[in-house]
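A.B. asks: Structure file input_36.txt (compact mmCIF, C-alpha atoms) right here:
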```txt
# COMPACT_ATOMS: atom_id res chain seq x y z
CA MET I 6 4.55 20.41 5.92
CA SER I 7 2.41 21.36 8.91
CA LYS I 8 -0.79 19.55 7.88
CA LYS I 9 -2.35 17.36 10.56
CA PHE I 10 -3.96 13.99 10.03
CA ASP I 11 -5.89 11.51 12.16
CA LEU I 12 -6.52 7.91 11.11
CA SER I 13 -8.15 6.70 14.33
CA GLN I 14 -11.63 6.68 12.72
CA ALA I 15 -10.49 5.41 9.32
CA SER I 16 -12.39 2.34 8.13
CA LEU I 17 -11.30 -0.24 5.54
CA SER I 18 -14.16 -0.68 3.07
CA ALA I 19 -12.57 -2.60 0.16
CA LEU I 20 -9.29 -4.42 -0.49
CA ALA I 21 -7.58 -6.04 -3.48
CA VAL I 22 -4.60 -8.34 -2.89
CA HIS I 23 -2.23 -9.46 -5.64
CA LYS I 24 1.11 -11.26 -5.90
CA THR I 25 3.97 -9.39 -7.52
CA GLY I 26 7.04 -11.24 -8.70
CA HIS I 27 10.42 -9.99 -9.85
CA ARG I 28 10.62 -9.14 -13.54
CA LEU I 29 14.36 -9.78 -13.99
CA ARG I 30 14.15 -13.13 -12.22
CA GLY I 31 11.29 -14.24 -14.46
CA GLU I 32 8.77 -14.28 -11.61
CA ASP I 33 5.33 -13.48 -12.97
CA LEU I 34 2.58 -11.55 -11.24
CA VAL I 35 -0.66 -13.10 -9.99
CA ALA I 36 -3.76 -10.90 -10.13
CA SER I 37 -6.77 -11.76 -8.00
CA LEU I 38 -10.09 -11.91 -9.83
CA GLU I 39 -12.14 -10.62 -6.90
CA LEU I 40 -11.78 -8.28 -3.96
CA LEU I 41 -10.87 -9.85 -0.64
CA GLU I 42 -13.77 -10.59 1.71
CA PHE I 43 -13.01 -9.97 5.39
CA ASP I 44 -14.81 -10.25 8.70
CA ASP I 45 -14.59 -7.72 11.53
CA GLN I 46 -11.61 -9.41 13.18
CA LEU I 47 -9.52 -9.46 10.00
CA LYS I 48 -10.69 -5.93 9.17
CA GLY I 49 -9.36 -4.62 12.48
CA ALA I 50 -6.05 -6.45 12.08
CA LEU I 51 -5.58 -5.10 8.56
CA GLU I 52 -6.44 -1.53 9.61
CA ASP I 53 -3.74 -1.68 12.29
CA TYR I 54 -1.22 -3.25 9.89
CA PHE I 55 -1.83 -0.69 7.16
CA LEU I 56 -2.40 2.52 9.11
CA LYS I 57 -0.39 2.46 12.34
CA PRO I 58 3.01 2.94 10.62
CA PHE I 59 1.99 6.39 9.32
CA LYS I 60 3.34 8.71 11.99
CA SER I 61 5.34 11.27 10.03
CA GLU I 62 3.87 14.66 9.27
CA TYR I 63 5.93 14.93 6.08
CA PHE I 64 3.59 14.94 3.11
CA TRP I 65 4.21 13.99 -0.50
CA HIS I 66 2.45 14.38 -3.84
CA PHE I 67 2.54 12.68 -7.24
CA THR I 68 4.74 14.46 -9.76
CA HIS I 69 6.17 14.06 -13.26
CA ASN I 70 8.97 15.85 -15.08
CA THR I 71 6.73 16.95 -17.96
CA ASP I 72 3.05 16.18 -17.31
CA LEU I 73 1.28 14.81 -14.23
CA ALA I 74 -1.04 12.87 -16.56
CA LEU I 75 1.97 10.69 -17.44
CA ASN I 76 2.42 9.52 -13.83
CA GLU I 77 0.80 6.08 -13.98
CA ALA I 78 0.17 5.68 -10.25
CA HIS I 79 -1.56 9.08 -10.17
CA VAL I 80 -3.77 8.11 -13.12
CA TYR I 81 -4.85 4.77 -11.62
CA VAL I 82 -5.56 6.26 -8.19
CA SER I 83 -7.56 9.08 -9.80
CA ASN I 84 -9.63 6.55 -11.73
CA ILE I 85 -10.67 4.95 -8.44
CA PHE I 86 -11.54 8.22 -6.73
CA LEU I 87 -13.50 9.50 -9.74
CA SER I 88 -15.53 6.33 -10.33
CA PRO I 89 -19.03 6.26 -8.82
CA LEU I 90 -18.63 2.46 -8.48
CA LYS I 91 -15.68 2.31 -6.12
CA ARG I 92 -15.39 -1.48 -5.62
CA PRO I 93 -15.25 -2.51 -9.32
CA ALA I 94 -12.95 0.44 -10.05
CA LEU I 95 -10.68 -0.55 -7.18
CA LEU I 96 -10.24 -4.08 -8.52
CA GLU I 97 -9.66 -2.96 -12.11
CA GLN I 98 -7.20 -0.20 -11.26
CA SER I 99 -5.40 -2.33 -8.68
CA VAL I 100 -4.45 -4.71 -11.51
CA ASN I 101 -3.07 -1.74 -13.45
CA LEU I 102 -1.07 -0.75 -10.38
CA LEU I 103 0.17 -4.34 -10.06
CA LYS I 104 1.41 -4.37 -13.65
CA HIS I 105 3.04 -0.97 -13.16
CA LEU I 106 4.82 -2.19 -10.00
CA HIS I 107 5.97 -5.38 -11.73
CA ALA I 108 7.40 -3.33 -14.59
CA GLN I 109 9.55 -1.41 -12.10
CA SER I 110 11.08 -4.59 -10.62
CA LEU I 111 14.41 -4.15 -12.37
CA HIS I 112 16.78 -3.74 -9.42
CA PRO I 113 18.38 -6.98 -8.15
CA GLN I 114 17.65 -6.07 -4.51
CA ILE I 115 13.90 -5.66 -5.07
CA LYS I 116 11.98 -8.43 -3.31
CA SER I 117 8.88 -10.29 -4.46
CA GLY I 118 5.78 -9.93 -2.33
CA GLU I 119 2.14 -8.98 -2.15
CA LEU I 120 0.53 -5.75 -3.33
CA TYR I 121 -2.50 -4.49 -1.43
CA VAL I 122 -4.75 -1.73 -2.77
CA ALA I 123 -7.22 -0.56 -0.14
CA PHE I 124 -10.04 1.97 0.07
CA PHE I 125 -10.59 3.80 3.36
CA THR I 126 -13.34 6.10 4.55
CA GLY I 127 -13.32 8.39 7.59
CA CYS I 128 -9.77 9.74 7.33
CA SER I 129 -9.19 13.15 8.88
CA LEU I 130 -6.90 15.67 7.18
CA GLU I 131 -6.77 19.26 8.33
CA ASP I 132 -10.11 18.88 10.16
CA SER I 133 -11.81 17.57 7.00
CA THR I 134 -13.04 14.00 6.59
CA VAL I 135 -11.87 12.47 3.32
CA ASP I 136 -11.57 9.08 1.64
CA ALA I 137 -8.13 7.62 1.02
CA ILE I 138 -6.54 4.91 -1.09
CA GLY I 139 -3.78 2.83 0.42
CA LEU I 140 -1.03 1.16 -1.61
CA PHE I 141 0.98 -1.37 0.38
CA LYS I 142 3.58 -4.03 -0.32
CA SER I 143 4.68 -6.85 1.97
CA GLU I 144 8.10 -8.34 1.24
CA HIS I 145 9.55 -9.97 4.36
CA LYS I 146 8.23 -13.18 5.89
CA ASP I 147 8.83 -14.04 9.56
CA LEU I 148 8.76 -17.40 11.32
CA PHE I 149 5.96 -17.93 13.84
CA LEU I 150 5.14 -20.73 16.29
CA ARG I 151 1.73 -22.33 16.01
CA VAL I 152 0.46 -24.07 19.14
CA GLY I 153 -1.79 -27.10 18.75
CA ASP I 154 -3.86 -28.72 21.49
CA GLY I 155 -3.68 -32.50 21.30
CA GLU I 156 -5.47 -35.02 23.50
CA GLU I 157 -2.30 -35.93 25.38
CA GLN I 158 0.14 -33.09 24.76
CA VAL I 159 0.54 -29.60 23.32
CA SER I 160 2.26 -29.48 19.92
CA LEU I 161 4.39 -26.76 18.37
CA GLU I 162 4.89 -26.13 14.67
CA THR I 163 6.68 -23.38 12.74
CA GLU I 164 4.79 -21.35 10.19
CA GLU I 165 6.02 -18.63 7.85
CA GLY I 166 3.88 -15.52 7.52
CA ILE I 167 3.61 -11.75 7.47
CA ASN I 168 4.34 -9.87 10.67
CA LEU I 169 1.44 -7.46 11.14
CA LYS I 170 3.65 -5.10 13.15
CA LYS I 171 6.14 -4.59 10.29
CA LEU I 172 4.73 -2.93 7.18
CA ASP I 173 7.41 -2.95 4.48
CA LYS I 174 6.12 -0.32 2.08
CA GLY I 175 3.06 1.88 2.05
CA ALA I 176 1.46 5.00 0.67
CA LEU I 177 -1.78 6.60 1.79
CA VAL I 178 -3.33 8.91 -0.79
CA PHE I 179 -5.89 11.37 0.56
CA ASN I 180 -8.62 12.46 -1.84
CA THR I 181 -7.68 16.10 -1.85
CA LEU I 182 -5.82 18.37 -4.30
CA GLY I 183 -5.99 15.76 -7.05
CA ASP I 184 -5.06 18.25 -9.78
CA GLU I 185 -1.87 18.98 -7.85
CA GLY I 186 -0.94 15.33 -7.31
CA TYR I 187 -3.03 14.64 -4.20
CA THR I 188 -1.64 14.61 -0.65
CA LEU I 189 0.19 11.45 0.44
CA LEU I 190 1.90 9.83 3.38
CA MET I 191 4.65 7.32 2.63
CA VAL I 192 6.41 4.46 4.46
CA ASP I 193 9.41 2.50 3.15
CA ARG I 194 11.43 0.26 5.49
CA ASP I 195 14.05 -0.47 2.83
CA SER I 196 14.44 2.99 1.34
CA GLU I 197 18.22 2.85 1.74
CA GLU I 198 18.42 -0.33 -0.40
CA THR I 199 16.46 0.98 -3.35
CA ALA I 200 14.16 3.94 -3.87
CA TYR I 201 12.04 2.26 -6.55
CA TRP I 202 8.87 2.39 -4.42
CA ARG I 203 9.07 6.17 -4.02
CA ASP I 204 10.64 7.19 -7.32
CA ASP I 205 9.80 4.56 -9.95
CA PHE I 206 6.45 3.16 -8.78
CA LEU I 207 4.82 6.13 -7.07
CA GLY I 208 6.75 8.99 -8.64
CA ILE I 209 6.33 11.30 -5.65
CA LYS I 210 8.17 14.23 -4.14
CA ARG I 211 7.96 15.73 -0.70
CA ILE I 212 5.74 18.79 -0.34
CA GLN I 213 7.89 21.63 0.91
CA ASP I 214 6.79 23.92 3.75
```
Would you write the structure of this file as structure tokens?
C.D. replies:
Amino acid sequence: MSKKFDLSQASLSALAVHKTGHRLRGEDLVASLELLEFDDQLKGALEDYFLKPFKSEYFWHFTHNTDLALNEAHVYVSNIFLSPLKRPALLEQSVNLLKHLHAQSLHPQIKSGELYVAFFTGCSLEDSTVDAIGLFKSEHKDLFLRVGDGEEQVSLETEEGINLKKLDKGALVFNTLGDEGYTLLMVDRDSEETAYWRDDFLGIKRIQD
């Protein structure tokens, strides 16, 4: 679809982070009790990590075979947008999204990881400024070198962590056309392995021109 978007002025205002295991492997989920607190440096790093991968101009929307009200992801996202108290609603609905994602972990190739539910302001879509909700999942861990300064020599240690230049899965839901399933952007690095993120968790289809 020919809609244009600009995320250069988007600002992260709230973030929930949870741990999602694999249902078939007996790995349970871990839900955070509070939203993540972040300083300006972490905020900037997270904004780059979450938003830079969205480059496609293909747009998606939530759907359902019989009734859009039965699409769980659409319901939970709508509950955040419609609440006057965005931060408490974000935490509560992010746990619902976590449970929904965990319930879809039925394919043996699905990886455990972290689920992030974020609220952004200042997103531009078709020359309008709108809020957006981001749904992200990190799955792969990379090995990094950590340099330590000792009194007599420099030390090196390995450390496993998330590569901020490699977002595994993401969806950015713009607060527009909610009755029609909103307008979304989607990223999935492992879409050829399993389409559970797009089909089972989000339940989205591409908006045709």
A.B. asks: Which residue, I:Asp147, I:Asp205, I:Asp44, I:Glu165, has the smallest gap to Glu77 (chain I) when you use only C-alpha atoms?
C.D. replies: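 That would be I:Asp205, the residue with the smallest distance to Glu77 (chain I).
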A.B. asks: Find the residues around region 79-91 of chain I up to 8 Å (all atoms listed in the file counted), leave out those fewer than 6 positions away in its own chain, and share them as a list in words.
C.D. replies: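 The neighbour list is Phe67, Leu73, Gln98, Ser99, Asn101, Leu102, Ile138, Asn180, Gly183, Gly186 and Leu207 of chain I.
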A.B. asks: Would you please work out which residue, of I:Val135, I:Ile115, I:Trp65, I:Phe141, is nearest to Ala21 (chain I) when using all atoms listed in the file?
C.D. replies: I:Phe141
A.B. asks: Please determine an axis-aligned box that encloses all atoms of region 124-143 of chain I listed in the file, with 8 Å added on each side, and express its centre and edge lengths in Å to one decimal as JSON.
C.D. replies:
```
{"center_x": -4.3, "center_y": 6.2, "center_z": 4.3, "size_x": 34.0, "size_y": 42.1, "size_z": 27.8}
```
A.B. asks: Looking at I:Ser16, I:Arg194, I:Lys116, I:Gly153, which one is nearest to Arg30 (chain I), with distances taken over only C-alpha atoms?
C.D. replies: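 Under the stated criterion, the closest residue is I:Lys116.
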